[in-house]
Each structure stands twice: as C-alpha cells, then as structure tokens.
file structure38.csv (CSV, C-alpha atoms and all ligand atoms)
chain,number,residue,atom,x,y,z
A,1,MET,CA,0.0,0.0,0.0
A,2,VAL,CA,2.8,2.4,0.9
A,3,SER,CA,4.3,3.9,-2.3
A,4,THR,CA,8.0,3.4,-2.4
A,5,ASN,CA,8.6,7.0,-3.5
A,6,LEU,CA,6.9,8.4,-0.4
A,7,ASN,CA,8.1,11.9,0.1
A,8,GLU,CA,7.8,14.6,2.8
A,9,LYS,CA,5.8,16.9,0.5
A,10,GLU,CA,3.1,14.3,0.1
A,11,ILE,CA,2.9,13.9,3.9
A,12,TRP,CA,2.5,17.6,4.3
A,13,GLY,CA,-0.4,17.3,1.9
A,14,TRP,CA,-2.1,14.7,4.0
A,15,MET,CA,-1.7,16.9,7.0
A,16,THR,CA,-3.7,19.6,5.4
A,17,GLU,CA,-6.5,17.0,5.3
A,18,VAL,CA,-6.6,17.0,9.1
A,19,PRO,CA,-9.0,19.7,10.4
A,20,ASP,CA,-8.6,21.5,13.7
A,21,PRO,CA,-11.2,19.7,15.9
A,22,GLU,CA,-12.5,22.9,17.4
A,23,ILE,CA,-12.4,25.1,14.3
A,24,PRO,CA,-12.8,22.6,11.5
A,25,ILE,CA,-12.6,25.2,8.7
A,26,ILE,CA,-8.9,25.4,9.2
A,27,ASN,CA,-6.5,22.5,9.1
A,28,LEU,CA,-3.6,21.7,11.4
A,29,VAL,CA,-1.0,22.9,8.9
A,30,GLU,CA,-2.8,26.3,8.6
A,31,LEU,CA,-3.1,26.4,12.4
A,32,GLY,CA,0.7,26.0,12.7
A,33,VAL,CA,0.4,22.9,14.8
A,34,ILE,CA,2.4,20.7,12.3
A,35,ARG,CA,6.0,21.9,12.7
A,36,ALA,CA,8.0,19.3,10.8
A,37,VAL,CA,7.6,16.1,8.8
A,38,ASN,CA,10.7,13.9,8.8
A,39,LEU,CA,11.1,10.7,6.8
A,40,LYS,CA,13.5,8.2,8.3
A,41,GLY,CA,13.7,5.4,5.8
A,42,ASN,CA,10.1,4.3,5.7
A,43,ALA,CA,9.3,5.6,9.2
A,44,VAL,CA,7.4,8.9,9.4
A,45,GLU,CA,8.0,11.4,12.2
A,46,ILE,CA,5.6,14.3,12.7
A,47,ILE,CA,6.6,17.1,15.0
A,48,ILE,CA,3.7,19.1,16.4
A,49,THR,CA,3.4,21.9,18.9
A,50,PRO,CA,0.5,22.8,21.2
A,51,THR,CA,-1.4,26.1,20.6
A,52,TYR,CA,-2.4,26.8,24.2
A,53,THR,CA,-0.8,24.7,26.9
A,54,GLY,CA,-4.3,24.1,28.4
A,55,CYS,CA,-5.9,23.2,25.0
A,56,PRO,CA,-8.1,20.2,25.7
A,57,ALA,CA,-7.6,19.2,22.0
A,58,LYS,CA,-3.8,18.4,22.5
A,59,GLN,CA,-4.3,14.7,22.6
A,60,LEU,CA,-6.9,14.8,19.9
A,61,PHE,CA,-4.3,16.4,17.6
A,62,VAL,CA,-2.1,13.3,18.0
A,63,ASP,CA,-5.1,10.9,17.5
A,64,LEU,CA,-6.3,12.7,14.4
A,65,ILE,CA,-2.8,12.8,12.8
A,66,SER,CA,-2.3,9.1,13.7
A,67,GLU,CA,-5.7,8.2,12.1
A,68,LYS,CA,-4.8,10.1,8.9
A,69,LEU,CA,-1.4,8.3,8.6
A,70,VAL,CA,-3.0,4.9,9.1
A,71,GLU,CA,-5.6,5.8,6.6
A,72,LYS,CA,-2.8,6.5,4.1
A,73,GLY,CA,-1.3,3.1,4.8
A,74,ILE,CA,1.5,4.3,7.1
A,75,ASN,CA,2.0,2.2,10.2
A,76,ASP,CA,5.5,3.0,11.2
A,77,PHE,CA,5.2,6.5,12.6
A,78,GLU,CA,5.7,8.7,15.6
A,79,VAL,CA,4.0,12.0,16.6
A,80,ILE,CA,6.2,14.1,18.8
A,81,SER,CA,5.1,17.2,20.7
A,82,ARG,CA,7.6,20.0,21.2
A,83,ILE,CA,7.0,23.4,22.6
A,84,HIS,CA,10.1,25.1,21.1
A,85,PRO,CA,9.7,27.2,19.0
A,86,VAL,CA,6.7,28.7,20.8
A,87,TRP,CA,3.5,28.7,18.9
A,88,THR,CA,2.0,32.1,18.3
A,89,THR,CA,-1.1,33.5,16.5
A,90,ASP,CA,1.4,35.4,14.4
A,91,TRP,CA,1.9,32.2,12.5
A,92,LEU,CA,-1.7,32.3,11.1
A,93,SER,CA,-1.4,33.5,7.5
A,94,GLU,CA,-3.7,36.3,6.1
A,95,GLU,CA,-5.4,33.6,4.1
A,96,THR,CA,-6.1,31.6,7.3
A,97,LYS,CA,-7.4,34.7,9.1
A,98,ALA,CA,-9.7,35.4,6.2
A,99,LYS,CA,-11.1,31.8,6.5
A,100,LEU,CA,-11.7,32.3,10.2
A,101,LEU,CA,-13.5,35.6,9.5
A,102,LYS,CA,-15.7,33.9,6.9
A,103,ASP,CA,-16.5,31.2,9.4
A,104,GLY,CA,-17.8,33.8,11.9
A,105,ILE,CA,-14.6,34.0,14.1
A,106,SER,CA,-12.9,37.3,14.4
A,107,PRO,CA,-9.2,36.7,13.7
A,108,PRO,CA,-6.4,37.7,16.2
A,109,THR,CA,-5.1,41.2,16.0
A,110,VAL,CA,-2.0,42.8,17.5
A,111,HIS,CA,-2.6,43.6,21.2
A,112,ASN,CA,-6.2,42.5,20.8
A,113,LYS,CA,-7.0,46.0,19.4
A,114,LYS,CA,-9.4,46.9,16.5
A,115,ILE,CA,-11.6,43.8,16.5
A,116,ILE,CA,-13.9,43.3,13.6
A,117,CYS,CA,-17.4,41.9,13.7
A,118,PRO,CA,-17.5,38.9,11.4
A,119,HIS,CA,-21.2,39.5,10.7
A,120,CYS,CA,-21.3,43.2,9.5
A,121,LYS,CA,-17.5,44.0,9.4
A,122,SER,CA,-17.9,46.9,11.8
A,123,TYR,CA,-15.1,47.7,14.2
A,124,ASN,CA,-17.5,49.1,16.7
A,125,THR,CA,-17.3,46.1,19.0
A,126,VAL,CA,-16.8,45.5,22.8
A,127,LEU,CA,-15.5,42.6,24.9
A,128,ALA,CA,-18.4,40.7,26.5
A,129,SER,CA,-16.3,38.0,28.2
A,130,GLN,CA,-12.5,37.5,28.2
A,131,PHE,CA,-13.1,33.8,28.3
A,132,GLY,CA,-15.2,32.0,25.7
A,133,SER,CA,-16.2,28.6,24.3
A,134,THR,CA,-12.6,27.4,23.9
A,135,PRO,CA,-9.3,28.5,25.7
A,136,CYS,CA,-8.2,30.4,22.5
A,137,GLN,CA,-11.4,32.5,22.2
A,138,SER,CA,-13.0,35.5,23.8
A,139,LEU,CA,-16.6,36.6,23.5
A,140,TYR,CA,-17.3,39.9,21.9
A,141,LYS,CA,-20.4,41.9,21.0
A,142,CYS,CA,-21.0,44.1,18.0
A,143,LEU,CA,-22.5,47.5,18.7
A,144,GLU,CA,-23.7,48.0,15.1
A,145,CYS,CA,-25.5,44.8,14.4
A,146,LEU,CA,-25.8,43.8,18.1
A,147,GLU,CA,-24.7,40.2,17.3
A,148,PRO,CA,-22.3,38.3,19.7
A,149,PHE,CA,-19.2,36.7,18.1
A,150,ASN,CA,-16.1,34.7,19.0
A,151,TYR,CA,-12.7,36.4,18.8
A,152,PHE,CA,-9.5,34.3,18.4
A,153,LYS,CA,-7.3,35.7,21.2
A,154,CYS,CA,-3.8,36.8,20.2
A,155,LEU,CA,-1.0,34.9,21.8
B,1,MET,CA,1.4,-0.6,44.4
B,2,MET,CA,3.6,1.6,42.3
B,3,GLN,CA,6.2,3.7,44.2
B,4,ILE,CA,6.9,7.0,42.6
B,5,LYS,CA,10.4,8.2,43.5
B,6,ILE,CA,11.6,11.5,42.3
B,7,THR,CA,15.3,11.7,42.9
B,8,ASN,CA,16.7,14.0,40.1
B,9,PRO,CA,17.2,17.5,41.7
B,10,PHE,CA,15.9,19.2,38.5
B,11,ALA,CA,12.8,17.0,38.6
B,12,LYS,CA,12.3,17.7,42.3
B,13,PHE,CA,12.4,21.4,41.5
B,14,LEU,CA,9.9,21.1,38.6
B,15,VAL,CA,7.5,18.9,40.4
B,16,ARG,CA,6.9,21.7,43.0
B,17,ILE,CA,5.6,24.0,40.2
B,18,ALA,CA,3.8,21.2,38.4
B,19,ASP,CA,2.0,20.1,41.6
B,20,SER,CA,1.0,23.7,42.5
B,21,GLU,CA,-0.5,24.1,39.0
B,22,ILE,CA,-2.4,20.8,39.1
B,23,ILE,CA,-3.9,21.4,42.5
B,24,LEU,CA,-4.9,25.0,41.6
B,25,GLY,CA,-6.4,23.5,38.4
B,26,GLN,CA,-8.4,21.1,40.6
B,27,ARG,CA,-9.7,23.9,42.8
B,28,LEU,CA,-10.7,25.9,39.8
B,29,ALA,CA,-12.4,22.9,38.3
B,30,GLU,CA,-14.6,22.7,41.4
B,31,MET,CA,-16.0,26.1,40.5
B,32,CYS,CA,-17.3,24.7,37.2
B,33,SER,CA,-21.1,25.1,37.5
B,34,ASN,CA,-20.7,26.9,40.8
B,35,ALA,CA,-19.5,30.4,39.8
B,36,PRO,CA,-21.7,33.4,40.5
B,37,THR,CA,-22.4,34.1,36.8
B,38,LEU,CA,-22.1,32.1,33.6
B,39,GLU,CA,-19.2,34.2,32.3
B,40,GLU,CA,-17.3,33.5,35.5
B,41,ASP,CA,-18.1,29.9,35.3
B,42,ILE,CA,-16.5,29.8,31.8
B,43,ALA,CA,-13.6,32.0,32.9
B,44,LEU,CA,-12.7,29.9,36.0
B,45,SER,CA,-13.0,26.7,34.0
B,46,ASN,CA,-10.7,28.1,31.4
B,47,LEU,CA,-8.2,29.3,34.0
B,48,GLY,CA,-8.3,25.8,35.5
B,49,LEU,CA,-7.5,24.3,32.0
B,50,ASP,CA,-4.5,26.6,31.8
B,51,CYS,CA,-3.2,25.3,35.1
B,52,PHE,CA,-3.7,21.7,34.1
B,53,GLY,CA,-2.0,22.4,30.8
B,54,ARG,CA,1.1,23.9,32.5
B,55,GLY,CA,1.1,21.2,35.1
B,56,GLU,CA,0.9,18.5,32.5
B,57,GLU,CA,3.8,19.9,30.4
B,58,LEU,CA,6.0,20.3,33.5
B,59,MET,CA,5.0,16.8,34.6
B,60,LYS,CA,6.2,15.5,31.2
B,61,LEU,CA,9.6,17.0,31.8
B,62,VAL,CA,9.6,15.5,35.3
B,63,SER,CA,8.8,12.1,34.0
B,64,ALA,CA,11.5,12.4,31.2
B,65,LEU,CA,14.1,13.4,33.8
B,66,GLU,CA,13.3,10.3,35.8
B,67,ASN,CA,13.8,8.1,32.6
B,68,ASN,CA,10.1,7.6,32.2
B,69,ALA,CA,9.9,5.4,35.2
B,70,PHE,CA,6.4,6.7,35.5
B,71,THR,CA,4.0,8.6,33.3
B,72,PRO,CA,2.8,12.2,34.1
B,73,ASP,CA,-0.6,10.7,34.9
B,74,ASP,CA,1.0,8.2,37.4
B,75,CYS,CA,2.7,11.2,39.0
B,76,VAL,CA,-0.6,13.1,39.5
B,77,PHE,CA,-2.9,10.2,40.4
B,78,ARG,CA,-0.6,7.8,42.3
B,79,ARG,CA,1.2,9.9,44.8
B,80,ASN,CA,0.0,10.5,48.4
B,81,GLU,CA,-0.2,13.7,50.3
B,82,ARG,CA,3.3,13.7,51.7
B,83,GLU,CA,4.7,12.9,48.2
B,84,TYR,CA,3.1,16.1,46.8
B,85,PHE,CA,5.0,19.4,46.8
B,86,CYS,CA,2.5,22.1,46.0
B,87,ILE,CA,2.3,25.4,47.8
B,88,LYS,CA,-0.3,25.5,50.5
B,89,LEU,CA,-1.8,28.7,49.0
B,90,VAL,CA,-3.3,26.8,46.1
B,91,GLU,CA,-4.9,24.2,48.4
B,92,GLN,CA,-7.1,26.7,50.1
B,93,PRO,CA,-10.8,26.2,49.5
B,94,ASN,CA,-13.3,28.1,47.4
B,95,ASN,CA,-15.0,29.4,50.6
B,96,ASP,CA,-16.5,32.2,48.6
B,97,PHE,CA,-15.8,34.1,45.3
B,98,ALA,CA,-13.4,36.5,47.1
B,99,TRP,CA,-11.2,33.5,48.1
B,100,VAL,CA,-11.1,32.3,44.5
B,101,VAL,CA,-10.0,35.8,43.4
B,102,VAL,CA,-7.4,36.4,46.1
B,103,ARG,CA,-5.8,33.0,45.8
B,104,GLN,CA,-5.6,33.4,42.0
B,105,PHE,CA,-4.1,36.9,42.3
B,106,LEU,CA,-1.4,35.9,44.8
B,107,HIS,CA,-0.6,32.8,42.7
B,108,ASP,CA,-0.5,34.7,39.4
B,109,VAL,CA,2.0,37.3,40.6
B,110,TYR,CA,4.2,34.6,42.2
B,111,VAL,CA,4.4,32.2,39.2
B,112,THR,CA,4.9,35.1,36.8
B,113,GLU,CA,8.2,35.8,38.6
B,114,ILE,CA,9.2,32.1,38.6
B,115,PHE,CA,8.5,31.6,34.9
B,116,LYS,CA,10.3,34.9,34.1
B,117,GLN,CA,13.5,33.4,35.4
B,118,LEU,CA,12.9,30.0,33.7
B,119,ALA,CA,12.2,31.6,30.4
B,120,THR,CA,16.0,31.9,29.9
B,121,ASN,CA,16.8,28.4,31.3
B,122,GLU,CA,19.3,26.4,29.3
B,123,HIS,CA,16.8,23.5,29.0
B,124,GLN,CA,15.2,24.5,25.7
B,125,GLU,CA,11.8,23.0,26.3
B,126,LEU,CA,11.4,24.4,29.8
B,127,ALA,CA,12.5,27.9,28.5
B,128,ALA,CA,9.9,27.6,25.6
B,129,LEU,CA,7.2,26.5,28.0
B,130,SER,CA,8.0,29.4,30.3
B,131,GLN,CA,7.8,31.9,27.5
B,132,LYS,CA,4.4,30.4,26.5
B,133,VAL,CA,3.1,30.5,30.1
B,134,LEU,CA,4.2,34.1,30.5
B,135,LYS,CA,2.0,35.1,27.5
B,136,GLU,CA,-1.0,33.0,28.6
B,137,ILE,CA,-0.9,34.1,32.3
B,138,GLU,CA,-1.4,37.7,31.2
B,139,TYR,CA,-5.1,36.7,30.6
B,140,SER,CA,-5.3,35.2,34.0
B,141,LYS,CA,-3.8,38.3,35.6
B,142,MET,CA,-6.2,40.6,33.7
B,143,HIS,CA,-9.0,38.5,35.2
B,144,SER,CA,-7.7,38.3,38.8
B,145,PHE,CA,-6.5,42.0,38.9
B,146,ASP,CA,-9.8,43.2,37.6
B,147,TRP,CA,-11.8,41.3,40.1
B,148,LEU,CA,-9.5,42.2,43.0
B,149,VAL,CA,-10.2,45.9,42.3
B,150,ARG,CA,-13.9,45.4,41.7
B,151,LEU,CA,-14.3,43.6,45.0
B,152,GLY,CA,-12.0,45.8,47.0
B,153,ARG,CA,-13.6,48.9,45.8
B,154,GLY,CA,-17.1,47.4,45.5
B,155,THR,CA,-19.6,47.3,48.4
B,156,GLU,CA,-18.8,47.2,52.1
B,157,GLU,CA,-19.6,43.5,52.0
B,158,SER,CA,-17.3,42.7,49.0
B,159,LYS,CA,-14.5,44.6,50.6
B,160,MET,CA,-14.9,42.9,53.9
B,161,ARG,CA,-14.9,39.4,52.4
B,162,THR,CA,-11.9,40.2,50.1
B,163,GLN,CA,-9.9,41.6,53.0
B,164,ASN,CA,-10.9,38.6,55.1
B,165,ALA,CA,-9.8,36.1,52.4
B,166,LEU,CA,-6.5,38.0,52.1
B,167,ASN,CA,-5.9,38.0,55.9
B,168,VAL,CA,-6.5,34.2,56.1
B,169,MET,CA,-4.4,33.2,53.1
B,170,TRP,CA,-1.6,35.6,53.8
B,171,LYS,CA,0.1,33.2,56.2
B,172,TYR,CA,0.7,30.8,53.3
B,173,THR,CA,2.7,33.3,51.3
B,174,GLU,CA,5.7,33.3,53.7
B,175,GLU,CA,6.8,29.8,52.6
B,176,LEU,CA,6.8,30.8,48.9
B,177,PHE,CA,10.1,32.6,49.5
B,178,LEU,CA,11.9,30.2,51.8
B,179,PHE,CA,14.0,29.0,48.8
B,180,ASP,CA,16.2,26.0,49.4
B,181,GLU,CA,19.4,24.9,47.6
B,182,ILE,CA,17.3,23.1,44.9
B,183,ASP,CA,15.4,26.3,44.1
B,184,LYS,CA,18.6,28.3,44.1
B,185,THR,CA,20.2,26.0,41.6
B,186,TYR,CA,17.5,26.5,38.9
B,187,LEU,CA,16.3,30.1,39.6
B,188,SER,CA,18.8,32.7,38.7
B,189,ASP,CA,17.8,35.3,41.3
B,190,THR,CA,15.6,34.2,44.2
B,191,ASP,CA,15.8,37.5,45.9
B,192,ALA,CA,14.4,39.2,42.9
B,193,ILE,CA,11.4,36.9,43.0
B,194,ALA,CA,10.5,38.0,46.5
B,195,ALA,CA,11.2,41.7,45.8
B,196,ASN,CA,9.2,41.8,42.6
B,197,TRP,CA,6.3,39.9,44.1
B,198,ASN,CA,6.1,42.4,47.0
B,199,LEU,CA,6.1,45.3,44.6
B,200,GLY,CA,3.5,43.6,42.4
B,201,VAL,CA,1.1,42.8,45.3
B,202,ASN,CA,1.6,46.1,47.0
B,203,GLU,CA,0.7,48.0,43.8
B,204,MET,CA,-2.5,46.0,43.5
B,205,PHE,CA,-3.4,46.4,47.2
B,206,ALA,CA,-3.3,50.2,46.6
B,207,ALA,CA,-5.4,49.8,43.4
B,208,ALA,CA,-7.9,47.7,45.2
B,209,ASP,CA,-7.9,49.7,48.4
B,210,LEU,CA,-7.0,46.6,50.4
B,211,GLU,CA,-4.7,46.5,53.5
B,212,ARG,CA,-1.6,44.4,53.3
B,213,PRO,CA,-1.7,42.0,56.2
B,214,ALA,CA,1.1,42.1,58.7
B,215,ASP,CA,4.1,39.9,58.0
B,216,LYS,CA,4.9,37.8,61.0
B,217,LYS,CA,7.1,34.8,61.5
B,218,ARG,CA,5.1,31.7,61.6
B,219,HIS,CA,6.1,28.1,62.1
B,220,ILE,CA,4.5,26.5,59.1
B,221,LEU,CA,6.2,23.3,57.9
B,222,ASP,CA,7.6,23.7,54.4
B,223,PHE,CA,5.8,22.5,51.3
B,224,ARG,CA,9.2,21.6,49.9
B,225,LYS,CA,9.4,18.8,52.4
B,226,GLY,CA,5.9,17.5,51.6
B,227,PHE,CA,4.0,19.3,54.4
B,228,HIS,CA,0.5,20.6,53.6
B,229,SER,CA,-2.6,22.2,55.0
B,230,GLU,CA,-5.5,20.0,56.0
B,231,PHE,CA,-7.1,20.4,52.6
B,232,LEU,CA,-4.7,18.5,50.3
B,233,GLY,CA,-5.8,15.1,51.5
B,234,LEU,CA,-9.4,15.9,50.7
B,235,ILE,CA,-8.5,17.3,47.3
B,236,LEU,CA,-6.5,14.2,46.4
B,237,ALA,CA,-9.2,11.8,47.7
B,238,ASP,CA,-11.6,13.5,45.2
B,239,MET,CA,-9.1,13.9,42.3
B,240,GLN,CA,-7.6,10.5,42.5
B,241,TYR,CA,-10.7,8.5,43.3
B,242,LEU,CA,-11.3,7.2,39.7
B,243,PRO,CA,-7.8,6.1,38.8
B,244,ARG,CA,-7.3,4.6,42.2
B,245,ALA,CA,-10.5,2.6,42.1
B,246,TYR,CA,-10.1,1.6,38.4
B,247,PRO,CA,-6.4,1.6,37.8
B,248,ASP,CA,-6.6,0.5,34.2
B,249,ALA,CA,-9.5,2.8,33.2
B,250,LYS,CA,-9.1,4.5,29.8
B,251,TRP,CA,-11.0,7.3,28.3
A,301,ZN,ZN,-21.7,43.5,13.6

call {"tool": "encode", "arguments": {"input": "structure38.csv", "output": "structure tokens"}}
result
Amino acid sequence: MVSTNLNEKEIWGWMTEVPDPEIPIINLVELGVIRAVNLKGNAVEIIITPTYTGCPAKQLFVDLISEKLVEKGINDFEVISRIHPVWTTDWLSEETKAKLLKDGISPPTVHNKKIICPHCKSYNTVLASQFGSTPCQSLYKCLECLEPFNYFKCL
Amino acid sequence: MMQIKITNPFAKFLVRIADSEIILGQRLAEMCSNAPTLEEDIALSNLGLDCFGRGEELMKLVSALENNAFTPDDCVFRRNEREYFCIKLVEQPNNDFAWVVVRQFLHDVYVTEIFKQLATNEHQELAALSQKVLKEIEYSKMHSFDWLVRLGRGTEESKMRTQNALNVMWKYTEELFLFDEIDKTYLSDTDAIAANWNLGVNEMFAAADLERPADKKRHILDFRKGFHSEFLGLILADMQYLPRAYPDAKW
C-alpha cells in the first residue's frame, strides 16, 4: 500500500486534510500545529506543537494525525510534541485569518485591538467576556448589528 | 502498588511547580457550574484548564528526567499527600468568590516571577514552555486583577470578604520565599522573586484599596518537604478516586 517513493511533501499534503477539531474550517498545517515532517527510511516522524498549553484538544491532535497516517497506509510513525519554538497566533497567515472571519470567528489582531465583527464587518465592538467557548477565544459583542461573536485571542 | 520516587534534583524542582498548578487547576475545576455568573463559570474553568496544561507539560519533563519510570498521569494520580510538593496557598478552599480571586491573584504574581526566570533556562523545552506560560498568564492576571479591584472597591460586603480572604491566606505566602538549595540551583535570582512579588502585590493592594496584612514569622512546615494544609488530603481523595478505584480505566 505504501508507495516506495513516499516523500515529505506528500505527507505535508495529507496533514492539510486534518481539520482542527475545534475550528474545522482550518487544518492543522494552517493552524501552525504541524512543525515538521521527517522521513527516516520508511518511518514517518511528525513534530507538532500545542497552541495553548491548556488546550483540551492536545491529545486529539495526536489521535487525528495518527488516524490520517494509518488511513494513508503508514503504520511506522511517531507523533512528537515540542514546545520550542513557541506557537503564536502570528503564524496564522492572512489567508487563514480570512477563512476564520468567513466562518464567523474574528481573527487575532495585535494587542487585541481593532476587533472586527464577522457579521457586519464593523469595528464598533466590545468585549463581553474575556473567556469564551474554547481557551483560545473570547466573546465579543458588535454595537452595530448587536450580534455576539467569538474572537481568536492573540497569543 | 507503584512507588513514585523523584530523585533527580531538577525533577524535584519542577514537580513543585507542576503540583502547584495541578492542585490549583483542581480547585478551579470545582468552580465549574458553581461560579456566580455564567461568564465567571467559563472564565474559571478556562483558567483551570491553563493550570492543568502547564502542570501537564511540566510533569512530562519530570517524567522524562526520571527516565520515564512513571507517566505524568501516574505522577498526578498515584502519589500520596506527603509525596506532593504544591504550595499551601493553592490548596485553600473556594469558601466564597473572594477567596477564589485572592488565591488566584497571589498565585499569578508569584508564578509570573518564577517563569520569568525560567524563560531563559538552558533547558530549551522548559524555556519555551515558560515563555508560553508568560503570555498565557497575562489573561489570568487581567482577570484576577480586575476582580480584586472590583471587589476591593465594590460594596462594604465585598471589601470585607476580600480583605478577610487575604488575611486568612496571607500566612501561606511566607513559605513561597523560603527558597532552598534546589530552588537556588534553577532560579537565577531568588531575591528578585520576593522583591518583585512584593512590589506587584503592594501595587494591587493600593489599586484595590486593600490592606496588606502584617508579616509575622510563623512556624509552618515547608511544602518543599511535603508538608501541607489539612485540605490537600481531601483534594487528592476527590481527584484520585477514579484512577485509584479503576487503575486501568481508559477514556
Ligand atoms: Zn456586527
């Protein structure tokens, strides 16, 4: 089943098929969780990093990656978690941020300033609760359209 | 019965911080569905998750330093009271919301100073973890500082309760700074930790119009030697019940 000319680029491609369990519109590569893919002979080594140390999805990342590799016919693999270099929301590309916004999540901004409402795109918004539905999000309220929304905290 | 022995001095140092974070996480988890408002419920549960996350990452380092003789889970669920090394402050109960706030506040200022010094540690993973914690803990500080001021400058009742929580818990702050040789090996400047902590808390007492309780010498046995307040045993009984009753249980 495993193609003999397996290469790292192909594995990176598979990793883009693994969605973030909490924000499925973005995948683990876009989220910056997948840090390296190493091929050691036929053995695959995936280096990942946690987003928030208290993220309850940490173990789920490993499980989802493992499932994907097995699905692709890889049985000899290891998923290793490393904190260095430290994950930051700065790693989210503009494209990824646009995806978040489209999905109704206001993307992280520098110093958590100028926060856009994903519904009506107004910046006239206020913090409703510093802590939201996941450790990485806060709850905001739009003063224009009056809708509440999630904001991806900057880290 | 598995015996968990921590002998590596670096692991002994790290497990003190790990235990403190885990126990505070457990105390915060007790607030889940018991906070005064829904927003607070979510906030405290999230802060608890942060504590567990830090504790877990530190416990992974402890377990690696002990050649993986035990897993991080074993370390949390299979040690007894005297084998725990958390600070007594985090063991204090959620008597009322003011206790939750004061405990978090005193803790946040303290661990910030600890992680600041560990952020430049030569152990790359510990340094990275510390840098990460310093960013995350800003959100916790925003929360505890904000509440401390709101309660301290709120009503007569809220002020009285907050001052009372502070007066009772203050006696557990002395041991934070009785650094031993192990601490001094891994922290670059233990005097600075005490000095910065004092500056930090005094500033907030002024902001919240609270009175700093008197410092007096007490004879409280050191957490570094496994001595605790009466609460830890009860916390562990609750926290460890499931893995102790069903040792092979899996999620
Ligand atoms: Zn709006």

call {"tool": "residues_near_ligand", "arguments": {"input": "structure38.csv", "ligand": "ligand ZN 301 (chain A)", "cutoff": "12 Å", "atoms": "only C-alpha atoms and all ligand atoms", "output": "PyMOL selection string"}}
result
chain A and resi 104-106+115-126+140-150

call {"tool": "residues_near_point", "arguments": {"input": "structure38.csv", "point": "(-10.1, 24.2, 58.2)", "cutoff": "10 Å", "atoms": "only C-alpha atoms", "output": "number ranges by chain"}}
result
B: 92-93, 229-231

call {"tool": "atom_distance", "arguments": {"input": "structure38.csv", "atom1": "CA of Leu39 (chain A)", "atom2": "CA of Phe77 (chain A)"}}
result
9.3 Å

call {"tool": "closest_residue", "arguments": {"input": "structure38.csv", "among": "B:Glu81, B:Arg150, B:Met239, B:Arg218", "to": "Leu24 (chain B)", "atoms": "only C-alpha atoms"}}
result
B:Met239

call {"tool": "residues_around", "arguments": {"input": "structure38.csv", "residues": "region 166-177 of chain B", "least_positions_apart": "5", "cutoff": "10 Å", "atoms": "all atoms listed in the file", "output": "number ranges by chain"}}
result
B: 87-92, 98-99, 101-103, 106-107, 110, 160-161, 183, 190-191, 193-195, 197, 210-224, 229

call {"tool": "interface_residues", "arguments": {"input": "structure38.csv", "of": "chain B", "to": "chain A", "cutoff": "10 Å", "atoms": "all atoms listed in the file", "output": "PyMOL selection string"}}
result
chain B and resi 38-57+124-133+135-136+138-140+142-143

call {"tool": "atom_distance", "arguments": {"input": "structure38.csv", "atom1": "CA of Glu203 (chain B)", "atom2": "CA of Glu21 (chain B)"}}
result
24.4 Å

call {"tool": "atom_distance", "arguments": {"input": "structure38.csv", "atom1": "CA of Ile4 (chain B)", "atom2": "CA of Ile235 (chain B)"}}
result
19.1 Å

call {"tool": "closest_residue", "arguments": {"input": "structure38.csv", "among": "A:Tyr151, A:Asn38, A:Lys97, A:Val44", "to": "Val70 (chain A)", "atoms": "all atoms listed in the file"}}
result
A:Val44

call {"tool": "residues_around", "arguments": {"input": "structure38.csv", "residues": "Trp14 (chain A)", "least_positions_apart": "6", "cutoff": "12 Å", "atoms": "all atoms listed in the file", "output": "PyMOL selection string"}}
result
chain A and resi 6-8+27-29+34+37+46+64-74

call {"tool": "write_last_selection", "arguments": {"input": "structure38.csv", "atoms": "C-alpha atoms", "output": "CSV table (one decimal), in the frame of the given file"}}
result
chain,number,residue,atom,x,y,z
A,6,LEU,CA,6.9,8.4,-0.4
A,7,ASN,CA,8.1,11.9,0.1
A,8,GLU,CA,7.8,14.6,2.8
A,27,ASN,CA,-6.5,22.5,9.1
A,28,LEU,CA,-3.6,21.7,11.4
A,29,VAL,CA,-1.0,22.9,8.9
A,34,ILE,CA,2.4,20.7,12.3
A,37,VAL,CA,7.6,16.1,8.8
A,46,ILE,CA,5.6,14.3,12.7
A,64,LEU,CA,-6.3,12.7,14.4
A,65,ILE,CA,-2.8,12.8,12.8
A,66,SER,CA,-2.3,9.1,13.7
A,67,GLU,CA,-5.7,8.2,12.1
A,68,LYS,CA,-4.8,10.1,8.9
A,69,LEU,CA,-1.4,8.3,8.6
A,70,VAL,CA,-3.0,4.9,9.1
A,71,GLU,CA,-5.6,5.8,6.6
A,72,LYS,CA,-2.8,6.5,4.1
A,73,GLY,CA,-1.3,3.1,4.8
A,74,ILE,CA,1.5,4.3,7.1

call {"tool": "closest_residue", "arguments": {"input": "structure38.csv", "among": "B:Trp147, B:Arg244, B:Tyr186, B:Val100", "to": "His123 (chain B)", "atoms": "all atoms listed in the file"}}
result
B:Tyr186

call {"tool": "residues_near_point", "arguments": {"input": "structure38.csv", "point": "(-12.6, 27.1, 13.2)", "cutoff": "10 Å", "atoms": "all atoms listed in the file", "output": "VMD selection string"}}
result
chain A and resid 19 to 27 31 96 99 to 105 152
